[in-house]
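work.txt follows (compact mmCIF, C-alpha atoms):
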# COMPACT_ATOMS: atom_id res chain seq x y z
CA MET A 148 200.31 206.79 142.78
CA THR A 149 202.48 204.93 140.30
CA GLU A 150 205.99 206.02 139.43
CA ALA A 151 204.90 206.87 135.88
CA HIS A 152 202.09 209.12 137.14
CA ARG A 153 204.49 210.86 139.54
CA HIS A 154 207.03 211.42 136.77
CA ASN A 155 204.35 213.08 134.61
CA ALA A 156 203.37 215.31 137.53
CA ILE A 157 207.00 216.28 138.20
CA LEU A 158 207.50 217.25 134.56
CA GLU A 159 204.36 219.38 134.51
CA LEU A 160 205.36 221.18 137.71
CA LEU A 161 208.85 221.65 136.31
CA ASN A 162 207.42 223.16 133.12
CA GLN A 163 205.65 225.74 135.25
CA LYS A 164 208.46 226.61 137.64
CA ARG A 165 211.47 225.83 135.39
CA HIS A 166 213.50 224.68 138.43
CA LEU A 167 212.69 222.34 141.32
CA SER A 168 214.79 221.47 144.35
CA VAL A 169 214.88 217.98 145.83
CA SER A 170 213.07 219.30 148.92
CA SER A 171 210.27 220.90 146.87
CA ILE A 172 209.68 217.60 145.04
CA MET A 173 209.60 215.76 148.38
CA GLN A 174 207.01 218.19 149.75
CA ALA A 175 204.82 218.28 146.63
CA PHE A 176 204.55 214.49 146.32
CA ASP A 177 205.10 213.36 149.92
CA ILE A 178 208.10 211.18 149.06
CA SER A 179 211.48 210.51 150.63
CA PRO A 180 214.76 212.23 149.60
CA ALA A 181 215.96 208.96 148.05
CA THR A 182 212.81 208.61 145.94
CA ALA A 183 212.99 212.25 144.80
CA ARG A 184 216.62 211.88 143.72
CA ARG A 185 215.87 208.58 142.00
CA ASP A 186 213.04 210.23 140.06
CA ILE A 187 215.35 213.06 138.98
CA ASN A 188 218.02 210.59 137.87
CA LYS A 189 215.58 208.51 135.82
CA LEU A 190 214.04 211.55 134.13
CA ASN A 191 217.50 212.95 133.47
CA ASP A 192 218.66 209.66 131.94
CA SER A 193 215.59 209.59 129.69
CA GLY A 194 216.27 213.13 128.50
CA LYS A 195 213.13 214.70 129.98
CA LEU A 196 214.85 217.14 132.36
CA ARG A 197 218.33 218.33 133.30
CA LYS A 198 219.76 217.23 136.64
CA VAL A 199 221.44 220.05 138.54
CA ARG A 200 222.93 220.40 142.01
CA ASN A 201 220.21 219.62 144.62
CA GLY A 202 217.45 219.54 142.04
CA ALA A 203 216.41 219.66 138.41
CA GLU A 204 215.66 222.21 135.70
CA ALA A 205 213.39 222.04 132.68
CA LEU A 206 214.60 221.55 129.15
CA MET A 207 213.39 224.08 126.62
CA GLN A 208 212.04 221.31 124.43
CA VAL A 209 210.17 219.50 127.20
CA ARG A 210 206.73 218.63 125.86
CA LYS A 211 203.77 219.41 128.06
CA ALA A 212 202.92 216.29 130.00
CA HIS A 213 199.48 214.73 130.44
CA TRP A 214 199.25 216.37 133.86
CA SER A 215 197.90 219.60 132.35
CA PRO A 216 194.93 219.86 134.77
CA LEU A 217 197.27 220.56 137.68
CA ASP A 218 198.59 224.07 138.22
CA SER A 219 201.12 225.23 140.80
CA ASN A 220 198.47 226.06 143.40
CA GLU A 221 196.67 222.72 143.14
CA SER A 222 199.94 220.78 143.34
CA VAL A 223 200.36 221.83 146.98
CA ASN A 224 197.77 219.25 148.06
CA HIS A 225 198.72 216.70 145.44
CA SER A 226 199.32 213.75 147.78
CA GLU A 227 195.92 214.31 149.42
CA LYS A 228 194.24 214.50 146.02
CA VAL A 229 195.77 211.14 145.12
CA ARG A 230 194.39 209.56 148.31
CA ILE A 231 190.96 211.04 147.57
CA ALA A 232 191.05 209.69 144.01
CA GLN A 233 192.08 206.23 145.21
CA ALA A 234 189.18 206.15 147.69
CA ALA A 235 186.81 207.23 144.93
CA ALA A 236 188.09 204.57 142.54
CA ALA A 237 187.48 201.91 145.21
CA LEU A 238 183.76 202.75 145.18
CA ILE A 239 183.30 201.76 141.53
CA LYS A 240 182.53 198.12 140.78
CA PRO A 241 183.57 196.37 137.55
CA GLY A 242 181.05 196.96 134.79
CA GLU A 243 179.73 200.22 136.26
CA SER A 244 179.78 203.64 134.63
CA ALA A 245 181.05 206.90 136.08
CA VAL A 246 180.47 210.50 135.06
CA ILE A 247 183.72 212.32 135.83
CA ASN A 248 183.77 216.09 135.57
CA CYS A 249 186.65 218.54 135.27
CA GLY A 250 189.33 219.26 137.87
CA SER A 251 192.70 218.01 138.99
CA THR A 252 191.33 215.43 141.45
CA ALA A 253 188.92 214.17 138.80
CA PHE A 254 191.86 213.77 136.44
CA VAL A 255 193.74 211.72 139.04
CA LEU A 256 190.61 209.57 139.47
CA GLY A 257 190.64 208.94 135.73
CA GLN A 258 194.25 207.83 135.96
CA GLU A 259 193.40 205.49 138.83
CA ILE A 260 190.65 203.67 136.91
CA CYS A 261 192.34 203.71 133.52
CA GLY A 262 192.43 200.16 132.16
CA GLN A 263 189.70 198.88 134.49
CA ASP A 264 186.26 197.62 133.46
CA VAL A 265 184.61 201.00 134.00
CA GLN A 266 182.81 203.13 131.45
CA VAL A 267 183.88 206.77 131.81
CA ILE A 268 181.47 209.51 130.72
CA THR A 269 183.10 212.93 130.59
CA ASN A 270 183.08 216.32 128.92
CA TYR A 271 186.60 217.01 130.20
CA PHE A 272 188.94 216.93 127.21
CA PRO A 273 192.27 216.35 129.03
CA LEU A 274 190.80 213.32 130.81
CA ALA A 275 189.17 211.90 127.69
CA ASN A 276 192.41 212.35 125.76
CA TYR A 277 194.44 210.65 128.50
CA LEU A 278 192.11 207.65 128.63
CA ILE A 279 192.02 207.25 124.86
CA GLU A 280 195.80 207.51 124.49
CA ASN A 281 196.20 204.88 127.19
CA ASP A 282 193.76 202.49 125.44
CA HIS A 283 191.00 202.62 128.03
CA ASP A 284 187.91 200.80 126.77
CA GLY A 285 184.58 202.53 127.26
CA VAL A 286 185.15 206.28 126.96
CA VAL A 287 182.04 208.35 126.27
CA ILE A 288 182.68 212.00 125.40
CA ILE A 289 179.72 214.28 125.99
CA GLY A 290 179.17 216.28 122.83
CA GLY A 291 178.91 220.01 122.42
CA GLN A 292 181.01 223.08 121.69
CA TYR A 293 184.59 223.04 122.99
CA ASN A 294 185.28 225.66 125.67
CA LYS A 295 189.02 226.30 125.62
CA SER A 296 189.24 228.16 128.94
CA GLN A 297 187.82 225.18 130.86
CA SER A 298 188.91 222.40 128.47
CA ILE A 299 185.37 221.04 128.37
CA THR A 300 182.58 220.57 125.85
CA LEU A 301 179.33 222.42 126.51
CA ALA A 302 176.12 221.07 125.01
CA PRO A 303 173.74 223.69 123.56
CA GLN A 304 170.57 221.67 124.26
CA ASP A 305 169.32 220.71 127.71
CA GLU A 306 167.98 217.46 126.27
CA ILE A 307 171.44 216.13 125.47
CA SER A 308 172.09 215.39 129.15
CA SER A 309 169.34 212.79 129.14
CA LEU A 310 171.36 210.73 126.65
CA TYR A 311 173.97 209.93 129.29
CA ALA A 312 173.54 208.14 132.60
CA GLY A 313 176.01 206.76 135.10
CA HIS A 314 176.03 204.71 138.28
CA TRP A 315 178.27 207.39 139.78
CA MET A 316 179.01 211.08 139.28
CA PHE A 317 182.26 212.47 140.64
CA THR A 318 182.74 216.21 140.85
CA SER A 319 184.60 218.84 142.85
CA GLY A 320 184.42 222.57 143.42
CA LYS A 321 185.88 225.55 145.26
CA GLY A 322 184.15 224.99 148.57
CA VAL A 323 181.98 222.65 150.64
CA THR A 324 179.83 223.72 153.58
CA ALA A 325 176.79 222.37 155.38
CA ASP A 326 174.78 224.15 152.68
CA GLY A 327 176.34 222.12 149.88
CA LEU A 328 178.96 222.29 147.11
CA TYR A 329 180.12 225.58 145.61
CA LYS A 330 181.66 226.13 142.18
CA MET A 331 183.28 229.21 140.70
CA ASP A 332 182.67 228.77 136.97
CA MET A 333 179.00 229.18 136.09
CA LEU A 334 179.22 227.57 132.63
CA THR A 335 180.88 224.46 134.02
CA ALA A 336 178.41 224.26 136.90
CA MET A 337 175.39 224.58 134.61
CA ALA A 338 176.71 221.87 132.30
CA GLU A 339 177.19 219.51 135.26
CA GLN A 340 173.82 220.33 136.84
CA LYS A 341 172.11 218.92 133.75
CA MET A 342 173.54 215.50 134.66
CA LEU A 343 172.43 215.38 138.30
CA ASN A 344 169.05 213.78 137.58
CA HIS A 345 170.59 211.06 135.41
CA VAL A 346 173.17 209.55 137.78
CA GLY A 347 172.89 207.04 140.61
CA ARG A 348 175.03 208.58 143.35
CA LEU A 349 176.82 211.95 143.58
CA VAL A 350 180.31 211.92 145.09
CA VAL A 351 182.12 215.16 145.89
CA LEU A 352 185.92 215.09 145.80
CA ALA A 353 187.37 217.97 147.82
CA ASP A 354 190.70 218.35 149.56
CA SER A 355 190.54 219.44 153.18
CA SER A 356 191.36 223.10 152.42
CA LYS A 357 188.01 223.46 150.63
CA VAL A 358 185.84 222.16 153.46
CA GLY A 359 184.20 225.12 155.16
CA GLN A 360 184.87 227.46 152.23
CA ARG A 361 182.00 229.29 150.52
CA ALA A 362 183.03 230.53 147.06
CA GLY A 363 181.10 231.19 143.88
CA MET A 364 177.65 229.73 143.23
CA LEU A 365 175.90 226.94 145.11
CA PHE A 366 176.10 224.01 142.70
CA CYS A 367 173.92 221.68 144.73
CA ALA A 368 172.49 221.44 148.23
CA ALA A 369 173.99 219.04 150.76
CA SER A 370 170.86 216.91 150.45
CA LYS A 371 171.94 216.05 146.88
CA ILE A 372 175.39 214.82 147.95
CA ASP A 373 175.64 211.10 148.72
CA ILE A 374 179.33 210.93 149.61
CA LEU A 375 182.06 213.45 150.39
CA ILE A 376 185.68 212.27 150.16
CA THR A 377 188.16 214.64 151.77
CA GLY A 378 191.32 214.78 153.87
CA LYS A 379 191.60 214.05 157.57
CA ASP A 380 192.47 217.70 158.28
CA ALA A 381 189.06 218.92 157.09
CA ASP A 382 187.02 221.20 159.37
CA GLN A 383 185.38 218.76 161.80
CA ASP A 384 182.44 221.03 162.57
CA VAL A 385 181.47 221.10 158.90
CA ILE A 386 182.01 217.34 158.63
CA GLU A 387 179.62 216.71 161.52
CA GLN A 388 177.04 219.08 160.05
CA LEU A 389 177.18 217.22 156.74
CA LYS A 390 176.86 213.85 158.46
CA ALA A 391 173.77 215.17 160.24
CA LYS A 392 172.32 215.77 156.77
CA ASP A 393 172.94 212.12 155.84
CA VAL A 394 176.07 212.79 153.77
CA GLN A 395 178.49 209.87 154.04
CA VAL A 396 181.98 211.24 154.69
CA ILE A 397 185.16 209.35 153.84
CA LEU A 398 188.32 210.81 155.37
CA VAL A 399 191.66 209.87 153.80
Same coordinates, now as structure tokens:
Amino acid sequence: MTEAHRHNAILELLNQKRHLSVSSIMQAFDISPATARRDINKLNDSGKLRKVRNGAEALMQVRKAHWSPLDSNESVNHSEKVRIAQAAAALIKPGESAVINCGSTAFVLGQEICGQDVQVITNYFPLANYLIENDHDGVVIIGGQYNKSQSITLAPQDEISSLYAGHWMFTSGKGVTADGLYKMDMLTAMAEQKMLNHVGRLVVLADSSKVGQRAGMLFCAASKIDILITGKDADQDVIEQLKAKDVQVILV
């Protein structure tokens, strides 16, 4: 994770909580006390936050950072999400295309590949906006009606999914078991399911807390998943069950 990406994440978390201690920044981003204090000093000097004793507080005029996909709950596993995104980015070869769906880990993946020779196909507005603003070549935005609650575009016709194809599809959800991947939001899941038959390989990005969890609707069976990237603390029984179903598992 670059310093610039970490600074954006700190500002977003600060906008939510209004005050952060040095220790809370260390825990959220898995960094040393010296690095946390250096980040605070740099952001204070650039006028993006106010340095206070043993921490920092938000300025009233702080503009919402690009890290909008992360909320306070998701930030707990932020360092693991970064490792997952880095492992996912390493799978993509120059010149290939990747369908990247919504979610905080997917957003981090987009940051990791920004500027590389990779075509990104997405219906996730925050990610598309980030890539465009950072001059990434090859951004394809899937058309449709904008859904504000999920920050995605939803296509009214089933046929529109056949217009887009990728070497890879990266997605996440609320839970992964030996049965497959679960998602909570039905509209998002249905929009993504339309793409499954038009991509080369499906990669699930899930932090270790989601492995073994069954929540919402079954998005796809384990037999549809080519690769699962998760943390080393994931439930080993579930990991072995998935491997037995020919799912490649990458632990980070």
Completion exercise
Between A:Ile247, A:Leu206, A:Ser298, A:Glu159, smallest distance to Ile172 (chain A) by all atoms listed in the file belongs to A:Glu159
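Distances from A:Ile260, A:Ile397, A:Ala151, A:Ala156 to Gly242 (chain A) were compared using all atoms listed in the file, and the smallest one belongs to A:Ile260.
Using all atoms listed in the file, the protein and nucleic acid residues lying no more than 8 Å from Val287 (chain A), apart from those fewer than 2 places from it along its own chain, are Gln266, Val267, Ile268, Thr269, Gly285 and Ile289 of chain A.
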Practice task
Find the spatial neighbours of Cys249 (chain A), counting only C-alpha atoms, within a cut-off of 10 Å - ignore same-chain residues fewer than 2 positions away - and output them as JSON, numbers by chain.
Solution key: {"A": [216, 247, 251, 252, 253, 254, 269, 270, 271, 272, 273, 274, 297, 298, 299, 317, 318, 319, 320, 335, 339]}
Fill in the blank from the handout: Counting all atoms listed in the file, the residue among A:Ala312, A:Leu328, A:Val323, A:Val169 that lies closest to Ala181 (chain A) is A:Val169
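Of note, CA of Asp186 (chain A) and CA of Met173 (chain A) are spaced 10.6 Å apart.
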